[in-house]
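Notes for the one structure printed next.
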Amino acid sequence: MAAVGHGGEGVPSAADLDRHLAVGDRLDKLENRAAWLDAEFRIPGTEFRIGVSSIVGFLPGGDGAMMLVAATIVYHGMRLGAPTRTLVWMSVVLLVEGFVSVVPVVGDAIGILWSANLQNVGHLRAREESLDGSTNWVFVLLLASPFLLVVVLLGSLV
């Protein structure tokens with residue numbers, strides 16, 4: 001949080017406090033989504049928790065659908081202004097889970113232990129003070145660059 005404001009040196013302004021509360025509220029919602037995806041239900045007789053993602057992952061096409069839902073956490077991190085390095089790391093965590101999940105049963109078991117969504121929200125929470133609520137356009141360009149390259153290459157062939 002910024003250390004300057006109307007209240008003088010070292011006292012945050014009302015705008016800084018509002019921004020901090022808004023970012024905190026958005027992170028709370030993302031934590032709830034991650035818990036729903038990764039740890040909503042306790043397996044009876046154990047300490048293990050599974051989420052909707054693990055259950056739906058057993059259905060045909062379920063892993064792909066859950067990856068799309070999980071990608072919304074990275075998207076919201078981008079919208080919160082998370083550093084590019086954090087967003088890339090969150091994407092790697094998500095991709096690892098995606099690759100592992102294609103292995104029947106074993107992939108689902110590893111996904112339960114991996115909890116990519118909870119990890120990704122943890123990465124955002126660890127950087128909460130630096131989140132300013134502005135979109136990380138560097139990351140948007142990194143995501144868009146492969147598509148832009150294809151468009152340029154196709155345009156040069158025509």
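Identifiers in this document derive from the order of the structure tokens: chains are assigned A, B, ..., residues are numbered from 1 separately in each chain, and ligands are numbered from 1 in order of occurrence.
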Using DSSP assignments from the backbone, pull out every residue in stretch 17-75 of chain A that falls under helix (DSSP H, G or I) and give it to me as a compact mmCIF listing (two decimals) with C-alpha atoms, in the first residue's frame.
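That gives us out_0.txt:
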```txt
# COMPACT_ATOMS: atom_id res chain seq x y z
CA LEU A 17 -7.47 1.93 1.46
CA ASP A 18 -10.38 1.49 -0.97
CA ARG A 19 -8.07 -0.08 -3.56
CA HIS A 20 -6.56 -2.40 -0.97
CA LEU A 21 -10.02 -3.49 0.23
CA ALA A 22 -11.23 -4.04 -3.34
CA VAL A 23 -8.20 -6.19 -4.18
CA GLY A 24 -8.63 -8.12 -0.92
CA ASP A 25 -12.31 -8.75 -1.69
CA ARG A 26 -11.44 -10.03 -5.17
CA LEU A 27 -8.75 -12.30 -3.74
CA ASP A 28 -11.25 -13.64 -1.17
CA LYS A 29 -13.62 -14.54 -4.02
CA LEU A 30 -10.80 -16.22 -5.92
CA GLU A 31 -9.85 -18.20 -2.79
CA ASN A 32 -13.45 -19.38 -2.51
CA ARG A 33 -13.43 -20.44 -6.18
CA ALA A 34 -10.11 -22.26 -5.74
CA ALA A 35 -11.36 -24.06 -2.62
CA TRP A 36 -14.52 -25.07 -4.50
CA LEU A 37 -12.39 -26.42 -7.36
CA ASP A 38 -9.70 -28.14 -5.26
CA VAL A 52 -15.44 -30.18 -8.00
CA SER A 53 -12.52 -30.24 -10.43
CA SER A 54 -11.50 -33.72 -9.27
CA ILE A 55 -15.04 -35.05 -9.53
CA VAL A 56 -15.76 -33.55 -12.95
CA GLY A 62 -14.26 -32.85 -17.69
CA ASP A 63 -10.56 -32.07 -17.34
CA GLY A 64 -10.69 -29.65 -20.25
CA ALA A 65 -13.75 -27.90 -18.86
CA MET A 66 -12.16 -27.58 -15.44
CA MET A 67 -8.96 -26.20 -17.00
CA LEU A 68 -11.03 -23.40 -18.53
CA VAL A 69 -12.54 -22.61 -15.13
CA ALA A 70 -9.08 -22.75 -13.52
CA ALA A 71 -7.74 -20.38 -16.18
CA THR A 72 -10.14 -17.73 -14.90
CA ILE A 73 -7.97 -17.47 -11.77
CA VAL A 74 -4.97 -16.57 -13.93
CA TYR A 75 -7.19 -14.15 -15.87
```
Run DSSP on the backbone and tell me which residues of stretch 3-138 of chain A come out as strand (DSSP E); list them as a list in words.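 The strand (DSSP E) residues within stretch 3-138 of chain A come out as Phe41, Arg42, Arg49 and Ile50 of chain A.
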Distance query A:Leu80 at most 8 Å, only C-alpha atoms, self and fewer than 4 positions along chain excluded, as a list in words: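 With the cut-off at 8 Å, the set is Val23, His76, Leu131, Asp132, Gly133, Ser134, Thr135 and Asn136 of chain A.
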Quick one, how far is atom CA of A:Ala82 from atom CA of A:Asp108? 28.9 Å
List the neighbours of A:Ser101 out to 10 Å using only C-alpha atoms; skip same-chain residues closer than 3 positions along the sequence, and give me the result as a VMD selection string. chain A and resid 54 57 to 58 63 to 64 67 95 to 98 104 to 111
Export of the given selection (C-alpha atoms) as a PDB file, in the first residue's frame:
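What ended up in part_31.pdb:
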```pdb
ATOM      1  CA  SER A  54     -11.502 -33.716  -9.267  1.00  0.00           C
ATOM      2  CA  GLY A  57     -12.318 -34.691 -14.125  1.00  0.00           C
ATOM      3  CA  PHE A  58     -13.541 -38.281 -14.142  1.00  0.00           C
ATOM      4  CA  ASP A  63     -10.559 -32.072 -17.341  1.00  0.00           C
ATOM      5  CA  GLY A  64     -10.691 -29.647 -20.248  1.00  0.00           C
ATOM      6  CA  MET A  67      -8.963 -26.203 -16.997  1.00  0.00           C
ATOM      7  CA  LEU A  95      -0.251 -26.389 -17.553  1.00  0.00           C
ATOM      8  CA  VAL A  96       1.470 -29.006 -15.375  1.00  0.00           C
ATOM      9  CA  GLU A  97      -1.911 -29.984 -13.940  1.00  0.00           C
ATOM     10  CA  GLY A  98      -3.365 -30.086 -17.447  1.00  0.00           C
ATOM     11  CA  PRO A 104      -6.343 -41.733 -16.363  1.00  0.00           C
ATOM     12  CA  VAL A 105      -6.754 -42.239 -12.603  1.00  0.00           C
ATOM     13  CA  VAL A 106      -3.086 -41.461 -11.807  1.00  0.00           C
ATOM     14  CA  GLY A 107      -3.501 -37.961 -13.207  1.00  0.00           C
ATOM     15  CA  ASP A 108      -6.641 -37.435 -11.142  1.00  0.00           C
ATOM     16  CA  ALA A 109      -4.843 -38.614  -7.997  1.00  0.00           C
ATOM     17  CA  ILE A 110      -1.931 -36.276  -8.638  1.00  0.00           C
ATOM     18  CA  GLY A 111      -4.380 -33.444  -9.347  1.00  0.00           C
TER      19      GLY A 111
END
```
Could you pull the residues within 6 Å of A:Ala39, counting only C-alpha atoms, minus those fewer than 4 positions along the same chain, as a PDB file with N, CA and C atoms, in the first residue's frame?
```pdb
ATOM      1  N   ALA A  35     -10.979 -23.035  -3.606  1.00  0.00           N
ATOM      2  CA  ALA A  35     -11.364 -24.061  -2.623  1.00  0.00           C
ATOM      3  C   ALA A  35     -12.484 -24.930  -3.188  1.00  0.00           C
ATOM      4  N   ARG A  49      -8.884 -33.809   0.902  1.00  0.00           N
ATOM      5  CA  ARG A  49     -10.013 -33.038   0.395  1.00  0.00           C
ATOM      6  C   ARG A  49      -9.961 -33.055  -1.126  1.00  0.00           C
ATOM      7  N   ILE A  50     -11.120 -33.102  -1.734  1.00  0.00           N
ATOM      8  CA  ILE A  50     -11.208 -33.015  -3.188  1.00  0.00           C
ATOM      9  C   ILE A  50     -12.197 -31.915  -3.535  1.00  0.00           C
ATOM     10  N   GLY A  51     -12.087 -31.435  -4.741  1.00  0.00           N
ATOM     11  CA  GLY A  51     -12.995 -30.392  -5.174  1.00  0.00           C
ATOM     12  C   GLY A  51     -13.796 -30.831  -6.376  1.00  0.00           C
TER      13      GLY A  51
END
```
